[in-house]
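Trainee: Got a structure here, written out as structure tokens. Questions coming.
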Amino acid sequence: MSTPDARAVIDLDLPGPQISRHLYGHFAEHLGRCIYGGFWVGEDSDIPNEGGIRLDVVEALRGLSIPNLRWPGGCFADEYHWRDGIGPREQRPRMVNSHWGDVVEDNSFGTHEFMALCELLGAEPYVNGNVGSGTVREMSEWVEYLTRADDSPMAALRRANGRDEPWRVPFWGVGNEAWGCGGNMRAEAYADLARQYATFCRNHGGNELYRIAAGANVDDYEWTETLMKALGCIDCKGKPVFQAVSLHYYTVNGSWKDKGDATRFDVDDWYVTMLRARRVEELLRRHSTVMDRYDPYRKIGLVLDEWGTWWNVEEGTNPGFLYQQNSLRDALVASVHFDAFHRSAERLVMANIAQTVNVLQAMILTDPDPDSGALVLTPTYHVFEMNTGHHDARRLDVHLQDDSDPREVEGQPLELLSASASTKDGTALVSLSNLDADRPRSVLLDLRGMEVTGHRARVLTAPAIQAHNTPADPTAVAPAEHDGVQPHPRGLLVELPPHSYTTVSLDLAPLG
Ligand code: AHR
């Protein structure tokens, strides 16, 4: 038996914190073809739909057990006025979506349509309110409209619009990117507004809101610190005025001016992307460290409610629509993010990929022809699907010993293996990413503390790192059963092809 390249020691009987399913959350903004054409085609469309919502998209997304969906933005949230999106569609006012393509928005997808979408997906709604151009009253009334049961003015208005029962809305965003498109505010100014707006987002009946303040961009630790300070005494009597702070981090390959192409890239670009994707772990750790100083018992959550790759738009598409292809490289960006999320589960309570359909690092790309109905599942979709076993499982720490030297990229070391694991219901799931563009790697899973009574493995890879799915070749990158797993006296020996993502599922029993 040859010597493995690396060893991953896992104590199967020592489960750690829960990996919340909400780390696998999603984001749908009124941006390009995410809502219109992606989720929403309208009731008159030839594409099969329920009340205007495309059923093929819903069906595909059900395979991911989406835990929550953030809406309506993003930057759009801070110019959205929810009352424009209720009532008879033909009477809804129009507006200009000035952030995204400067197009006219007809508000045909509004509050009721979003809640119907969440119901179809089985996802919990995460509604992001407008601080930048809205009012405290407007946000407060939206909460009342959605969640109040009696005959209050907003509950009555909801009923007049055809919905008797209140909805359950667990997650509430208090503005978005207040440091930028959400109002270009200073941290102190926003922190005061966050306190004020959050105060008037009431818990109606049994609906308890989890209020998320608009957090930092990338490594702006001062922003996080200002929000934490603004909370005052977290352990004193009464609840903190907001319950979480957010963070946004996108993986770009070049600069913001020229972010690189989604599918035309070389091996050097691949490694730069992987280095930048792995940076998310440092950001999560350092923002958590700031939060620890004010909240040592971790009552306040960190929410990474925008993450993913951001490439140059596909040629010939509207630059404001952020439409990009999605290759095997995007899949590995996702898999290393999830490993980092699992390791950050003590503080990270939610994460939302940007965005679900047709925008940035999407799960699904639909044909722009409004009558076509064609769609493809992206490599990123498959990573989400392969990881559903981690939802609400308990983390198993993976002690990874890789004897190979890290690769130097942009003057920094890049580890080429990434791994994480979890356990639930008498099973365990191990995730293994081989970021080496050219070399296969063998990893010994050194499994301790439980008996492994069975195993299955799946692998996501393709001959080329640029491989991606198109209507003509929809399965160029798709998961397959992996036969590269051999029993070993210490556990299992797993062969990882170059540029691949592998999951190994284990059946467990107590040691005899
Ligand atoms: O996801 C696209 C945009 O990126 C969002 O609208 C904004 O919040 C961020 O800058």
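Chain lettering (A, B, ...) mirrors the order of the structure tokens, residue numbering begins at 1 for each chain separately, and ligand numbering begins at 1 in order of display.
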Counting only C-alpha atoms and all ligand atoms, which residues of chain A sit at most 8 Å from some atom of ligand 1, and what is each one's closest atom pair with its distance in Å to one decimal, listed by chain and rising residue number, as CSV?
Mentor:
residue,atom,partner,partner_atom_place_in_ligand_line,distance
A:Glu29,CA,ligand 1,6 (O),6.9
A:Leu31,CA,ligand 1,6 (O),7.6
A:Gly73,CA,ligand 1,6 (O),5.5
A:Gly74,CA,ligand 1,6 (O),3.2
A:Cys75,CA,ligand 1,6 (O),3.9
A:Phe76,CA,ligand 1,6 (O),6.1
A:Ala77,CA,ligand 1,6 (O),8.0
A:His99,CA,ligand 1,6 (O),7.9
A:Asn176,CA,ligand 1,8 (O),6.1
A:Glu177,CA,ligand 1,8 (O),5.8
A:Gly180,CA,ligand 1,10 (O),7.9
A:Cys181,CA,ligand 1,10 (O),7.3
A:His248,CA,ligand 1,9 (C),7.6
A:Glu306,CA,ligand 1,1 (O),6.5
A:Leu322,CA,ligand 1,2 (C),7.8
A:Ala354,CA,ligand 1,1 (O),5.3
A:Gln355,CA,ligand 1,1 (O),6.5
A:Val359,CA,ligand 1,1 (O),7.7
A:Leu360,CA,ligand 1,1 (O),7.1
Trainee: Output C-alpha atoms of each residue in that selection to a file, as an mmCIF file, in the first residue's frame.
Mentor:
data_model
loop_
_atom_site.group_PDB
_atom_site.id
_atom_site.type_symbol
_atom_site.label_atom_id
_atom_site.label_comp_id
_atom_site.auth_asym_id
_atom_site.auth_seq_id
_atom_site.Cartn_x
_atom_site.Cartn_y
_atom_site.Cartn_z
ATOM 1 C CA GLU A 29 -32.237 40.270 -5.672
ATOM 2 C CA LEU A 31 -31.043 42.323 -10.348
ATOM 3 C CA GLY A 73 -31.553 43.021 -2.157
ATOM 4 C CA GLY A 74 -28.680 43.857 -1.920
ATOM 5 C CA CYS A 75 -28.388 47.412 -3.109
ATOM 6 C CA PHE A 76 -31.933 47.170 -4.436
ATOM 7 C CA ALA A 77 -33.271 46.784 -0.885
ATOM 8 C CA HIS A 99 -28.313 50.178 -9.296
ATOM 9 C CA ASN A 176 -27.688 46.701 3.308
ATOM 10 C CA GLU A 177 -24.104 47.860 2.738
ATOM 11 C CA GLY A 180 -21.820 52.046 0.233
ATOM 12 C CA CYS A 181 -24.938 51.695 -1.913
ATOM 13 C CA HIS A 248 -19.890 40.737 2.712
ATOM 14 C CA GLU A 306 -23.253 37.910 0.491
ATOM 15 C CA LEU A 322 -24.051 40.580 -13.481
ATOM 16 C CA ALA A 354 -24.905 35.646 -4.240
ATOM 17 C CA GLN A 355 -27.091 34.760 -6.030
ATOM 18 C CA VAL A 359 -26.608 36.439 -11.198
ATOM 19 C CA LEU A 360 -22.974 36.090 -10.006
#
Trainee: DSSP on the backbone, then: every residue of stretch 196-406 of chain A marked helix (DSSP H, G or I), written as a PyMOL selection string.
Mentor: chain A and resi 196-199+221-230+267-294+319-321+328-343+379-386+388-390
Trainee: Go ahead and compute the interatomic distance for atom CA of A:Leu377 and atom CA of A:Leu365, in Å to one decimal.
Mentor: 6.7 Å
Trainee: Taking the chain letters and numbering used in this document, name the residues of stretch 76-278 of chain A that DSSP puts in strand (DSSP E or B), as an MDAnalysis selection string.
Mentor: chainID A and resid 95:97 103:105 124:129 171:174 204 207 210:217 244:251
Trainee: May I ask for the distance between atom CA of A:Glu113 and atom CA of A:Val127, given in Å to one decimal place?
Mentor: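 Computing the Euclidean distance for atom CA of A:Glu113 and atom CA of A:Val127 yields 12.7 Å.
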Trainee: Between A:Thr366, A:Pro471, A:Ala160, A:Leu417, which residue has the minimum interatomic distance to A:Val57, considering only C-alpha atoms?
Mentor: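 The answer is A:Thr366, which sits nearest to A:Val57.
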Trainee: Can you work out the spacing between atom CA of A:Arg168 and atom CA of A:Leu146 in Å, to one decimal?
Mentor: 7.6 Å
Trainee: Can you list, as a list in words, every protein, DNA or RNA residue that comes within 9 Å of stretch 229-237 of chain A when you count only C-alpha atoms, leaving out same-chain residues fewer than 2 positions away?
Mentor: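 Listed by chain and then number, they are Glu188, Ala191, Asp192, Arg195, Thr224, Glu225, Thr226, Leu227, Lys239, Pro240, Val241, Phe242, Tyr294, Asp295, Tyr297, Lys299 and Ile300 of chain A.
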Trainee: Quick one: residues within 8 Å of stretch 260-276 of chain A, only C-alpha atoms, excluding same-chain residues fewer than 5 positions away - as a count of residues only?
Mentor: 24
Trainee: Restricting the calculation to only C-alpha atoms: of A:Gly129, A:Gly63, A:Gly389, A:Gly175, which residue gets closest to A:His81?
Mentor: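 Residue with the minimum atom-to-atom distance to A:His81: A:Gly129.
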Trainee: Check the smallest atom-to-atom distance from each of A:Arg278, A:Arg439, A:Lys424, A:Arg298 to A:Val245 using only C-alpha atoms, then report the winner.
Mentor: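 Of A:Arg278, A:Arg439, A:Lys424, A:Arg298, the one nearest A:Val245, counting only C-alpha atoms, is A:Arg298.
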Trainee: Between A:Arg448, A:His399, A:Arg347, A:Arg458, single out the one closest to A:Leu492, counting only C-alpha atoms.
Mentor: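 Selected residue with least distance to A:Leu492: A:Arg448.
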Trainee: Show me, as a PyMOL selection string, the residues that have an atom within 6 Å of A:Phe171 when counting only C-alpha atoms, minus same-chain residues fewer than 6 positions from it.
Mentor: chain A and resi 126+209-210
Trainee: Show which residues sit within 12 Å of A:Pro170, as a ChimeraX atom specification. Count only C-alpha atoms, and ignore same-chain residues fewer than 2 positions away.
Mentor: /A:22,67-70,123-128,143,146-147,167-168,172-173,201-204,206-212,243
Trainee: Skip A:Trp82 itself and residues of its chain fewer than 2 positions away, then list as an NGL selection string all residues within 8 Å of it, counting only C-alpha atoms.
Mentor: :A and (80 or 84-86 or 110-111 or 142)
